[in-house]
file upload.cif (mmCIF, C-alpha atoms)
data_query
loop_
_atom_site.label_atom_id
_atom_site.label_comp_id
_atom_site.auth_asym_id
_atom_site.auth_seq_id
_atom_site.Cartn_x
_atom_site.Cartn_y
_atom_site.Cartn_z
CA MET W 967 3.86 2.58 44.29
CA PRO W 968 0.66 3.52 46.19
CA GLU W 969 -2.61 1.97 45.03
CA ASP W 970 -4.35 5.30 44.47
CA ASN W 971 -1.74 6.67 42.06
CA GLY W 972 -4.15 6.49 39.14
CA HIS W 973 -6.46 9.03 40.77
CA ASN W 974 -3.63 11.53 40.78
CA ALA W 975 -2.15 10.82 37.35
CA HIS W 976 -2.66 13.44 34.66
CA MET W 977 -3.09 11.46 31.43
CA VAL W 978 -3.16 12.59 27.78
CA THR W 979 -3.35 10.53 24.58
CA CYS W 980 -2.48 11.85 21.12
CA THR W 981 -1.86 10.52 17.64
CA ALA W 982 0.69 11.65 15.06
CA PRO W 983 1.23 10.90 11.38
CA VAL W 984 3.90 9.35 9.21
CA ASN W 985 5.45 11.61 6.60
CA ILE W 986 7.11 10.53 3.36
CA ALA W 987 9.79 12.85 1.97
CA VAL W 988 9.72 13.77 -1.70
CA ILE W 989 12.92 15.81 -1.26
CA LYS W 990 15.05 13.65 1.01
CA TYR W 991 16.86 14.48 4.23
CA TRP W 992 20.14 12.57 4.43
CA GLY W 993 23.09 13.79 6.45
CA LYS W 994 23.61 16.02 9.48
CA ARG W 995 25.92 18.96 10.05
CA ASP W 996 25.38 18.60 13.82
CA GLU W 997 24.74 15.12 15.25
CA GLU W 998 23.69 16.26 18.73
CA LEU W 999 21.18 18.93 17.69
CA ILE W 1000 20.19 16.95 14.57
CA LEU W 1001 20.77 19.75 12.07
CA PRO W 1002 20.61 18.66 8.42
CA ILE W 1003 23.03 19.40 5.58
CA ASN W 1004 20.07 20.19 3.30
CA SER W 1005 16.43 21.22 3.44
CA SER W 1006 13.73 18.63 2.75
CA LEU W 1007 10.03 18.39 1.90
CA SER W 1008 7.44 15.75 2.66
CA VAL W 1009 3.79 14.75 2.42
CA THR W 1010 2.07 13.96 5.72
CA LEU W 1011 0.04 10.76 5.34
CA HIS W 1012 -3.48 10.32 6.73
CA GLN W 1013 -3.75 8.93 10.24
CA ASP W 1014 -6.75 6.78 9.37
CA GLN W 1015 -4.19 4.47 7.73
CA LEU W 1016 -0.80 5.19 9.37
CA LYS W 1017 -0.24 6.66 12.81
CA THR W 1018 1.50 6.45 16.14
CA THR W 1019 -0.64 6.65 19.28
CA THR W 1020 1.01 7.79 22.51
CA THR W 1021 -0.31 8.09 26.06
CA VAL W 1022 1.67 10.07 28.65
CA ALA W 1023 0.73 9.87 32.33
CA CYS W 1024 2.28 12.18 34.92
CA SER W 1025 2.00 11.43 38.64
CA ARG W 1026 3.70 12.40 41.90
CA TYR W 1027 3.64 8.69 42.77
CA PHE W 1028 5.72 7.51 39.81
CA GLN W 1029 9.24 6.62 40.95
CA GLU W 1030 10.96 7.14 37.58
CA ASP W 1031 10.34 8.00 33.94
CA ARG W 1032 9.43 4.86 31.95
CA ILE W 1033 8.54 4.12 28.33
CA TRP W 1034 6.88 1.20 26.51
CA LEU W 1035 6.99 0.91 22.70
CA ASN W 1036 4.58 -1.54 21.07
CA GLY W 1037 4.10 -3.35 24.38
CA ILE W 1038 7.78 -3.71 25.29
CA GLU W 1039 9.54 -1.57 27.91
CA GLU W 1040 12.49 0.29 26.41
CA ASP W 1041 15.45 2.20 27.87
CA ILE W 1042 14.26 5.69 28.78
CA SER W 1043 17.87 6.88 29.14
CA GLN W 1044 18.33 6.83 25.35
CA PRO W 1045 19.87 10.28 24.59
CA ARG W 1046 17.28 11.41 22.03
CA LEU W 1047 14.39 10.54 24.33
CA GLN W 1048 16.12 12.45 27.11
CA SER W 1049 16.62 15.47 24.82
CA CYS W 1050 12.87 15.67 24.13
CA LEU W 1051 11.88 15.17 27.78
CA ARG W 1052 14.42 17.71 28.98
CA GLU W 1053 13.42 20.34 26.41
CA ILE W 1054 9.66 20.04 27.04
CA ARG W 1055 10.23 20.33 30.80
CA ARG W 1056 12.50 23.35 30.23
CA LEU W 1057 9.88 25.07 28.04
CA SER W 1058 7.19 24.32 30.61
CA ARG W 1059 9.26 25.82 33.43
CA LYS W 1060 9.96 28.88 31.31
CA ARG W 1061 6.27 29.30 30.46
CA HIS W 1062 5.24 29.03 34.12
CA SER W 1063 7.94 31.41 35.35
CA ASP W 1064 7.16 33.95 32.60
CA ARG W 1065 3.45 33.87 33.46
CA ASP W 1066 3.79 33.82 37.25
CA PRO W 1067 7.28 33.70 38.80
CA GLY W 1068 5.79 32.69 42.14
CA LEU W 1069 3.75 29.81 40.70
CA ASP W 1070 4.25 26.38 42.26
CA VAL W 1071 5.79 24.19 39.55
CA ALA W 1072 6.19 21.05 41.64
CA GLY W 1073 4.25 19.15 38.97
CA LEU W 1074 7.16 19.65 36.60
CA SER W 1075 9.30 17.38 38.74
CA HIS W 1076 6.78 14.53 38.56
CA LYS W 1077 7.87 11.47 36.60
CA VAL W 1078 6.09 10.32 33.45
CA HIS W 1079 5.03 6.96 32.06
CA ILE W 1080 4.92 6.85 28.27
CA CYS W 1081 3.22 4.17 26.17
CA SER W 1082 3.37 4.29 22.39
CA VAL W 1083 2.09 1.98 19.62
CA ASN W 1084 2.32 2.09 15.82
CA ASN W 1085 -0.35 0.64 13.53
CA PHE W 1086 2.35 -0.12 10.93
CA PRO W 1087 5.71 -1.98 10.89
CA THR W 1088 8.34 -0.26 13.02
CA ALA W 1089 11.78 0.51 11.50
CA ALA W 1090 10.92 -0.93 8.07
CA GLY W 1091 11.47 2.28 6.14
CA LEU W 1092 7.98 3.62 6.92
CA ALA W 1093 9.11 6.66 8.92
CA SER W 1094 8.18 5.12 12.27
CA SER W 1095 10.67 7.27 14.20
CA ALA W 1096 9.20 10.44 12.65
CA ALA W 1097 5.66 9.62 13.76
CA GLY W 1098 6.91 8.29 17.11
CA TYR W 1099 8.91 11.33 18.18
CA ALA W 1100 6.34 13.79 16.81
CA CYS W 1101 3.69 12.02 18.86
CA LEU W 1102 5.88 11.90 21.96
CA VAL W 1103 6.69 15.63 21.83
CA TYR W 1104 3.13 16.67 20.99
CA THR W 1105 1.70 14.58 23.87
CA LEU W 1106 4.34 15.73 26.38
CA ALA W 1107 3.58 19.33 25.38
CA ARG W 1108 -0.11 18.78 26.19
CA VAL W 1109 0.73 17.20 29.56
CA PHE W 1110 3.11 19.99 30.59
CA GLY W 1111 1.13 22.90 29.11
CA VAL W 1112 3.68 23.84 26.45
CA GLU W 1113 2.27 25.80 23.53
CA GLY W 1114 3.67 27.15 20.28
CA GLU W 1115 6.42 25.87 17.99
CA LEU W 1116 7.21 22.18 18.61
CA SER W 1117 9.01 21.10 15.43
CA GLY W 1118 12.39 22.15 16.86
CA VAL W 1119 11.84 19.88 19.86
CA ALA W 1120 10.65 16.94 17.72
CA ARG W 1121 13.73 17.40 15.53
CA GLN W 1122 15.93 16.59 18.53
CA GLY W 1123 14.32 13.15 18.71
CA SER W 1124 14.43 12.31 15.02
CA GLY W 1125 15.17 14.78 12.24
CA SER W 1126 12.19 13.92 10.06
CA ALA W 1127 9.88 14.01 13.11
CA CYS W 1128 9.83 17.80 12.84
CA ARG W 1129 7.86 17.43 9.57
CA SER W 1130 5.23 15.18 11.24
CA ILE W 1131 4.25 18.09 13.54
CA TYR W 1132 2.26 19.50 10.59
CA GLY W 1133 -0.27 18.12 8.14
CA GLY W 1134 -0.34 18.33 4.36
CA PHE W 1135 2.85 19.36 2.54
CA VAL W 1136 5.70 20.32 4.86
CA GLN W 1137 9.21 21.70 4.39
CA TRP W 1138 12.03 21.43 6.89
CA SER W 1139 14.35 24.39 6.38
CA MET W 1140 17.94 23.39 7.14
CA GLY W 1141 18.63 26.74 8.80
CA GLU W 1142 21.97 28.49 9.18
CA ARG W 1143 22.40 29.07 12.91
CA LYS W 1144 24.75 26.85 14.89
CA ASP W 1145 22.24 26.54 17.73
CA GLY W 1146 19.60 25.19 15.31
CA GLU W 1147 16.96 27.72 16.32
CA ASP W 1148 16.10 28.33 12.64
CA SER W 1149 16.11 24.65 11.61
CA LEU W 1150 12.34 24.23 11.77
CA ALA W 1151 9.46 22.74 9.82
CA GLN W 1152 6.62 24.73 8.29
CA GLN W 1153 3.54 23.85 6.30
CA VAL W 1154 3.74 24.61 2.58
CA GLU W 1155 0.11 23.70 1.87
CA PRO W 1156 -2.59 22.06 4.04
CA GLU W 1157 -3.84 18.50 3.46
CA THR W 1158 -6.97 19.90 1.77
CA HIS W 1159 -4.92 21.63 -0.96
CA TRP W 1160 -4.64 18.73 -3.42
CA PRO W 1161 -7.57 16.34 -2.77
CA GLU W 1162 -6.97 14.31 -5.95
CA LEU W 1163 -3.48 13.22 -4.84
CA ARG W 1164 -3.29 9.64 -3.59
CA VAL W 1165 -0.50 7.72 -1.88
CA LEU W 1166 0.04 3.96 -2.14
CA VAL W 1167 2.54 2.28 0.17
CA LEU W 1168 3.80 -0.97 -1.35
CA VAL W 1169 5.11 -3.00 1.57
CA VAL W 1170 7.92 -5.14 0.18
CA SER W 1171 9.36 -6.03 3.57
CA ALA W 1172 8.26 -5.37 7.13
CA GLU W 1173 11.63 -6.47 8.50
CA ARG W 1174 14.02 -4.15 10.31
CA LYS W 1175 16.47 -2.58 7.87
CA PRO W 1176 20.08 -3.84 8.02
CA VAL W 1177 21.64 -0.35 8.25
CA GLY W 1178 19.78 2.17 10.40
CA SER W 1179 19.30 5.73 9.14
CA THR W 1180 21.48 7.33 11.83
CA SER W 1181 24.59 5.23 11.17
CA GLY W 1182 23.95 5.29 7.40
CA MET W 1183 23.89 9.09 7.36
CA GLN W 1184 27.08 9.36 9.38
CA THR W 1185 28.95 7.11 6.94
CA SER W 1186 27.55 8.99 3.93
CA VAL W 1187 28.61 12.38 5.33
CA GLN W 1188 32.10 11.04 5.98
CA THR W 1189 32.66 9.26 2.65
CA SER W 1190 30.30 10.41 -0.14
CA SER W 1191 31.39 13.32 -2.34
CA LEU W 1192 28.08 12.99 -4.21
CA LEU W 1193 26.21 13.77 -0.99
CA LYS W 1194 28.01 17.12 -0.62
CA HIS W 1195 27.30 17.98 -4.29
CA ARG W 1196 23.64 17.05 -3.77
CA ALA W 1197 23.29 19.24 -0.66
CA ASP W 1198 25.13 22.24 -2.09
CA SER W 1199 24.20 22.22 -5.77
CA VAL W 1200 21.03 20.19 -6.33
CA VAL W 1201 18.62 20.40 -3.40
CA PRO W 1202 18.23 24.21 -3.08
CA ALA W 1203 16.84 24.64 -6.63
CA ARG W 1204 14.90 21.38 -6.40
CA MET W 1205 13.16 22.58 -3.21
CA GLU W 1206 11.98 25.74 -4.99
CA GLU W 1207 10.72 23.72 -7.97
CA MET W 1208 8.92 21.25 -5.72
CA ILE W 1209 7.17 23.98 -3.73
CA GLN W 1210 5.97 25.53 -7.00
CA ALA W 1211 4.79 22.15 -8.30
CA ILE W 1212 2.75 21.65 -5.11
CA HIS W 1213 1.33 25.20 -5.18
CA ASN W 1214 0.29 24.70 -8.83
CA LYS W 1215 -0.82 21.07 -8.35
CA ASP W 1216 1.46 20.21 -11.29
CA PHE W 1217 1.59 16.42 -10.98
CA ALA W 1218 4.03 15.80 -13.84
CA LEU W 1219 6.64 18.13 -12.31
CA PHE W 1220 5.93 16.88 -8.77
CA ALA W 1221 6.36 13.28 -9.95
CA ASP W 1222 9.56 13.84 -11.94
CA LEU W 1223 11.22 15.70 -9.06
CA THR W 1224 10.10 13.02 -6.57
CA MET W 1225 11.56 10.16 -8.61
CA LYS W 1226 14.80 11.98 -9.42
CA ASP W 1227 15.33 12.87 -5.78
CA SER W 1228 14.66 9.32 -4.62
CA ASN W 1229 17.13 8.01 -7.20
CA GLN W 1230 19.77 10.53 -6.16
CA PHE W 1231 19.32 9.68 -2.50
CA HIS W 1232 19.93 6.00 -3.22
CA ALA W 1233 22.85 6.94 -5.48
CA THR W 1234 24.45 8.69 -2.49
CA CYS W 1235 23.92 5.48 -0.51
CA LEU W 1236 25.79 3.61 -3.25
CA ASP W 1237 28.47 6.32 -3.27
CA THR W 1238 28.91 5.82 0.48
CA TYR W 1239 31.90 3.66 1.37
CA PRO W 1240 31.25 0.86 2.09
CA PRO W 1241 28.04 1.20 0.04
CA ILE W 1242 24.58 0.98 1.62
CA PHE W 1243 21.86 -1.02 -0.13
CA TYR W 1244 18.33 -0.16 0.95
CA LEU W 1245 16.58 -1.24 -2.26
CA ASN W 1246 16.16 -4.91 -3.14
CA ASP W 1247 15.25 -6.74 -6.36
CA VAL W 1248 11.52 -6.14 -5.87
CA SER W 1249 12.16 -2.42 -5.27
CA ARG W 1250 14.05 -2.19 -8.55
CA ARG W 1251 11.29 -4.06 -10.40
CA ILE W 1252 8.76 -1.53 -9.08
CA ILE W 1253 10.94 1.29 -10.46
CA THR W 1254 11.04 -0.38 -13.88
CA LEU W 1255 7.28 -1.00 -13.80
CA VAL W 1256 6.52 2.67 -13.04
CA HIS W 1257 8.70 3.95 -15.88
CA ARG W 1258 7.20 1.47 -18.38
CA TYR W 1259 3.67 2.38 -17.25
CA ASN W 1260 4.35 6.10 -17.72
CA ARG W 1261 6.03 5.51 -21.10
CA HIS W 1262 3.02 3.49 -22.30
CA TYR W 1263 0.71 6.45 -21.68
CA GLY W 1264 3.16 9.07 -22.91
CA GLU W 1265 2.81 11.07 -19.68
CA THR W 1266 3.86 10.85 -16.04
CA ARG W 1267 0.95 9.28 -14.16
CA LEU W 1268 2.90 7.60 -11.37
CA ALA W 1269 5.83 8.56 -9.17
CA TYR W 1270 7.84 6.32 -6.84
CA THR W 1271 9.94 7.24 -3.87
CA PHE W 1272 11.91 5.03 -1.47
CA ASP W 1273 13.17 6.02 1.96
CA ALA W 1274 15.85 4.05 3.83
CA GLY W 1275 14.24 0.68 3.11
CA PRO W 1276 12.83 -1.42 0.26
CA ASN W 1277 9.19 -0.32 0.53
CA ALA W 1278 7.90 1.79 -2.35
CA VAL W 1279 5.65 4.80 -1.90
CA ILE W 1280 3.71 5.60 -5.06
CA TYR W 1281 2.12 9.00 -5.70
CA CYS W 1282 -0.61 9.28 -8.32
CA LEU W 1283 -3.90 11.02 -8.95
CA GLN W 1284 -7.18 9.44 -7.84
CA GLU W 1285 -8.23 8.61 -11.43
CA HIS W 1286 -5.26 6.25 -11.91
CA VAL W 1287 -5.34 4.39 -8.57
CA ALA W 1288 -7.63 1.52 -9.57
CA GLU W 1289 -5.64 0.63 -12.67
CA PHE W 1290 -2.30 0.78 -10.89
CA ILE W 1291 -3.58 -1.51 -8.10
CA GLU W 1292 -4.52 -4.06 -10.78
CA VAL W 1293 -1.10 -3.67 -12.38
CA VAL W 1294 0.48 -4.50 -9.02
CA ARG W 1295 -1.85 -7.48 -8.54
CA HIS W 1296 -0.92 -8.77 -12.00
CA PHE W 1297 2.87 -8.38 -11.80
CA PHE W 1298 3.21 -9.09 -8.07
CA PRO W 1299 0.43 -11.66 -7.47
CA PRO W 1300 -0.45 -11.84 -3.77
CA GLU W 1301 -0.34 -15.10 -1.87
CA THR W 1302 -4.06 -14.76 -1.27
CA ASN W 1303 -6.60 -12.75 -3.24
CA GLY W 1304 -8.36 -11.67 -0.06
CA GLU W 1305 -8.87 -8.10 1.04
CA GLN W 1306 -5.75 -8.32 3.23
CA PHE W 1307 -3.66 -7.40 0.17
CA LEU W 1308 -5.22 -3.93 -0.05
CA LYS W 1309 -5.60 -1.98 3.19
CA GLY W 1310 -6.81 1.56 3.79
CA LEU W 1311 -8.92 3.66 1.44
CA PRO W 1312 -11.20 1.49 -0.74
CA VAL W 1313 -10.34 1.16 -4.43
CA ASP W 1314 -12.69 0.11 -7.23
CA HIS W 1315 -11.84 -2.97 -9.27
CA THR W 1316 -10.98 -2.57 -12.92
CA THR W 1317 -9.51 -4.68 -15.73
CA LEU W 1318 -6.16 -4.26 -17.45
CA SER W 1319 -5.79 -4.01 -21.21
CA GLU W 1320 -3.54 -6.52 -22.95
CA GLU W 1321 -1.67 -3.57 -24.47
CA LEU W 1322 -0.71 -2.30 -21.01
CA LYS W 1323 0.40 -5.76 -19.85
CA GLN W 1324 2.56 -6.13 -22.95
CA ALA W 1325 3.98 -2.61 -22.61
CA ILE W 1326 5.13 -3.37 -19.06
CA GLY W 1327 6.30 -6.81 -20.21
CA MET W 1328 7.67 -8.17 -16.92
CA GLU W 1329 7.55 -11.67 -15.50
CA PRO W 1330 5.19 -11.78 -12.49
CA VAL W 1331 6.86 -12.22 -9.08
CA VAL W 1332 4.61 -14.07 -6.64
CA LYS W 1333 4.57 -12.64 -3.09
CA GLY W 1334 6.98 -9.83 -4.09
CA ILE W 1335 4.70 -7.34 -2.33
CA SER W 1336 3.17 -8.27 1.03
CA TYR W 1337 0.35 -5.74 0.92
CA ILE W 1338 -0.62 -2.23 -0.22
CA ILE W 1339 -1.75 0.64 2.02
CA SER W 1340 -4.04 3.06 0.16
CA THR W 1341 -3.99 6.52 1.70
CA LYS W 1342 -3.79 10.28 1.05
CA ALA W 1343 -2.42 13.47 2.59
CA GLY W 1344 -3.66 14.07 6.12
CA PRO W 1345 -3.55 16.39 9.15
CA GLY W 1346 -0.90 16.81 11.83
CA PRO W 1347 -1.03 15.45 15.40
CA GLN W 1348 -4.41 15.15 17.13
CA THR W 1349 -5.52 14.87 20.76
CA VAL W 1350 -7.70 11.84 21.56
CA GLU W 1351 -10.60 13.01 23.71
CA ASP W 1352 -12.03 9.58 24.65
CA PRO W 1353 -10.34 8.44 27.91
CA ARG W 1354 -11.15 4.82 27.01
CA GLN W 1355 -8.49 5.11 24.30
CA HIS W 1356 -5.66 5.66 26.82
CA LEU W 1357 -2.91 3.06 26.40
CA LEU W 1358 -2.08 3.22 30.13
CA GLY W 1359 -4.39 1.92 32.81
CA PRO W 1360 -5.30 3.60 36.12
CA ASP W 1361 -2.13 2.11 37.65
CA GLY W 1362 0.01 3.93 35.09
CA LEU W 1363 1.05 0.68 33.41
CA PRO W 1364 0.28 -0.40 29.83
CA LYS W 1365 -3.07 -2.09 29.26
CA LYS W 1366 -1.32 -4.46 26.82
CA ILE W 1367 2.14 -5.94 27.28
CA VAL W 1368 3.91 -8.16 24.77
#

call {"tool": "encode", "arguments": {"input": "upload.cif", "output": "structure tokens"}}
result
Amino acid sequence: MPEDNGHNAHMVTCTAPVNIAVIKYWGKRDEELILPINSSLSVTLHQDQLKTTTTVACSRYFQEDRIWLNGIEEDISQPRLQSCLREIRRLSRKRHSDRDPGLDVAGLSHKVHICSVNNFPTAAGLASSAAGYACLVYTLARVFGVEGELSGVARQGSGSACRSIYGGFVQWSMGERKDGEDSLAQQVEPETHWPELRVLVLVVSAERKPVGSTSGMQTSVQTSSLLKHRADSVVPARMEEMIQAIHNKDFALFADLTMKDSNQFHATCLDTYPPIFYLNDVSRRIITLVHRYNRHYGETRLAYTFDAGPNAVIYCLQEHVAEFIEVVRHFFPPETNGEQFLKGLPVDHTTLSEELKQAIGMEPVVKGISYIISTKAGPGPQTVEDPRQHLLGPDGLPKKIV
């Protein structure tokens, strides 16, 4: 590769958020196009705490497309990666030919180098593929001059990635068309809509999950009768209720629907044959703790949801965050009492009443929770303007390699 390739490389860096579904996506009606059997709805989390950063460089001197994830080179021929690359290049060609049929589009044949890093554990049930593919598609679109609707492209990388193309509260409509052209994400409300809402990620395990989402979904679709009932008879009405709860900032309804949908999702995993277990003993203790906390106060102040992994995501209002953090510290004492246990948005210290401790009435589990990420709803993908933040150097290779 010539030494001066960096001077000719077009380089763009973007960031994209994690989203956590409150109405779950589980199961596809089309594996290749990634079309879901039901609609879903999520909250986009703030990138100050959880994000993927991706740099894409495009140069006539690059010999082949290459990709590095968290410092390790990965196989660029992976079909979902290829789908996203192919679709962005197709859209770019179409845009150029529509604007000026005689335009030289030689740049579209140039190879790309992609470097992507997460600031959170990959594949531990924290929606890393959603943020990763949303970031990849958004950055590629900036490099190749593609504008407009991108959620349909991101969906072809990872289904839930289509929801990370937008900030705030986002629905992914399942669509009806066989070609998937109407299976797109759209914003229900922006991140500024409900400023009092807070999100706490309780990291139970940062290990890779034993059954990946893709294979888990396939088995569920093939074997679970509960999954079909859920998609046909439960989710449509629940989506309407959830959208109304968000519009009205009705936390009690939002929380009840969130917990019921999480429970039903994991029930479909149990109904899958052989069954899939994403929750562990600590996950189940968190569920019990939340219900006992809410019962003590006679109202729903907390909601839990679990994706395909043991980590809990807790939704609550700002006024209850400090007390809940202390509840977690008490019943899941950290190995150290340092600030490493609580990351993200700062939280004031408070004391717990003996009545609350007795109402929850559980034996403490030391080191049950590794750490907590305190965050809130946030915006969609962003372009990083500072060239010093590029993950690729002038030679088109990653600045950091593992």

call {"tool": "closest_residue", "arguments": {"input": "upload.cif", "among": "W:Gly1134, W:Pro983, W:Gly1310, W:Gly1125", "to": "Arg1046 (chain W)", "atoms": "only C-alpha atoms"}}
result
W:Gly1125

call {"tool": "residues_around", "arguments": {"input": "upload.cif", "residues": "Val1248 (chain W)", "least_positions_apart": "4", "cutoff": "9 Å", "atoms": "all atoms listed in the file", "output": "MDAnalysis selection string"}}
result
chainID W and resid 1170 1252:1253 1276:1277 1331 1334:1335

call {"tool": "residues_around", "arguments": {"input": "upload.cif", "residues": "Thr1238 (chain W)", "least_positions_apart": "2", "cutoff": "6 Å", "atoms": "only C-alpha atoms", "output": "ChimeraX atom specification"}}
result
/W:1186,1189-1190,1235-1236,1240-1241

call {"tool": "residues_near_point", "arguments": {"input": "upload.cif", "point": "(9.6, 4.9, 19.8)", "cutoff": "10 Å", "atoms": "all atoms listed in the file", "output": "list of chain:residue names"}}
result
W:Thr1018, W:Thr1020, W:Ile1033, W:Trp1034, W:Leu1035, W:Asn1036, W:Glu1040, W:Leu1047, W:Ile1080, W:Cys1081, W:Ser1082, W:Val1083, W:Asn1084, W:Thr1088, W:Ala1089, W:Ser1094, W:Ser1095, W:Ala1096, W:Ala1097, W:Gly1098, W:Tyr1099, W:Ala1100, W:Cys1101, W:Leu1102, W:Gly1123

call {"tool": "residues_around", "arguments": {"input": "upload.cif", "residues": "Val1177 (chain W)", "least_positions_apart": "5", "cutoff": "10 Å", "atoms": "all atoms listed in the file", "output": "list in words"}}
result
Gly1182, Met1183, Ile1242, Phe1243, Tyr1244, Ala1274 and Gly1275 of chain W

call {"tool": "residues_around", "arguments": {"input": "upload.cif", "residues": "region 998-1015 of chain W", "least_positions_apart": "4", "cutoff": "7 Å", "atoms": "all atoms listed in the file", "output": "PyMOL selection string"}}
result
chain W and resi 983-991+993-994+1121-1122+1125+1130+1133-1140+1146+1149+1197+1201+1310+1341-1345

call {"tool": "closest_residue", "arguments": {"input": "upload.cif", "among": "W:Ala1288, W:Leu1357, W:Met1205, W:Cys1050", "to": "Ser1340 (chain W)", "atoms": "only C-alpha atoms"}}
result
W:Ala1288

call {"tool": "residues_around", "arguments": {"input": "upload.cif", "residues": "Leu1318 (chain W)", "least_positions_apart": "5", "cutoff": "9 Å", "atoms": "all atoms listed in the file", "output": "PyMOL selection string"}}
result
chain W and resi 1289+1292-1293+1296+1323

call {"tool": "atom_distance", "arguments": {"input": "upload.cif", "atom1": "CA of Phe1307 (chain W)", "atom2": "CA of Ser1171 (chain W)"}}
result
13.5 Å

call {"tool": "resolve_selection", "arguments": {"input": "upload.cif", "expression": "the PyMOL selection byres ((chain W and resi 1217-1228) around 8)", "output": "mmCIF file with C-alpha atoms, keeping the file's coordinate frame"}}
result
data_model
loop_
_atom_site.group_PDB
_atom_site.id
_atom_site.type_symbol
_atom_site.label_atom_id
_atom_site.label_comp_id
_atom_site.auth_asym_id
_atom_site.auth_seq_id
_atom_site.Cartn_x
_atom_site.Cartn_y
_atom_site.Cartn_z
ATOM 1 C CA VAL W 988 9.720 13.770 -1.700
ATOM 2 C CA ILE W 989 12.920 15.810 -1.260
ATOM 3 C CA LYS W 990 15.050 13.650 1.010
ATOM 4 C CA ARG W 1204 14.900 21.380 -6.400
ATOM 5 C CA MET W 1208 8.920 21.250 -5.720
ATOM 6 C CA ALA W 1211 4.790 22.150 -8.300
ATOM 7 C CA ILE W 1212 2.750 21.650 -5.110
ATOM 8 C CA LYS W 1215 -0.820 21.070 -8.350
ATOM 9 C CA ASP W 1216 1.460 20.210 -11.290
ATOM 10 C CA ASN W 1229 17.130 8.010 -7.200
ATOM 11 C CA GLN W 1230 19.770 10.530 -6.160
ATOM 12 C CA PHE W 1231 19.320 9.680 -2.500
ATOM 13 C CA HIS W 1232 19.930 6.000 -3.220
ATOM 14 C CA GLU W 1265 2.810 11.070 -19.680
ATOM 15 C CA THR W 1266 3.860 10.850 -16.040
ATOM 16 C CA ARG W 1267 0.950 9.280 -14.160
ATOM 17 C CA LEU W 1268 2.900 7.600 -11.370
ATOM 18 C CA ALA W 1269 5.830 8.560 -9.170
ATOM 19 C CA TYR W 1270 7.840 6.320 -6.840
ATOM 20 C CA THR W 1271 9.940 7.240 -3.870
ATOM 21 C CA PHE W 1272 11.910 5.030 -1.470
ATOM 22 C CA ASP W 1273 13.170 6.020 1.960
ATOM 23 C CA TYR W 1281 2.120 9.000 -5.700
ATOM 24 C CA CYS W 1282 -0.610 9.280 -8.320
ATOM 25 C CA LEU W 1283 -3.900 11.020 -8.950
#

call {"tool": "closest_residue", "arguments": {"input": "upload.cif", "among": "W:Met977, W:Leu1150, W:Leu1051, W:Met1328", "to": "Tyr1132 (chain W)", "atoms": "all atoms listed in the file"}}
result
W:Leu1150

call {"tool": "atom_distance", "arguments": {"input": "upload.cif", "atom1": "CA of Ile1054 (chain W)", "atom2": "CA of Glu1157 (chain W)"}}
result
27.2 Å

call {"tool": "resolve_selection", "arguments": {"input": "upload.cif", "expression": "the PyMOL selection byres ((chain W and resi 1116) around 9)", "output": "ChimeraX atom specification"}}
result
/W:1100,1103-1104,1107,1112-1115,1117-1121,1128,1131,1150

call {"tool": "closest_residue", "arguments": {"input": "upload.cif", "among": "W:Gln1284, W:Ser1025, W:Thr1105, W:Ser1124", "to": "Cys980 (chain W)", "atoms": "only C-alpha atoms"}}
result
W:Thr1105
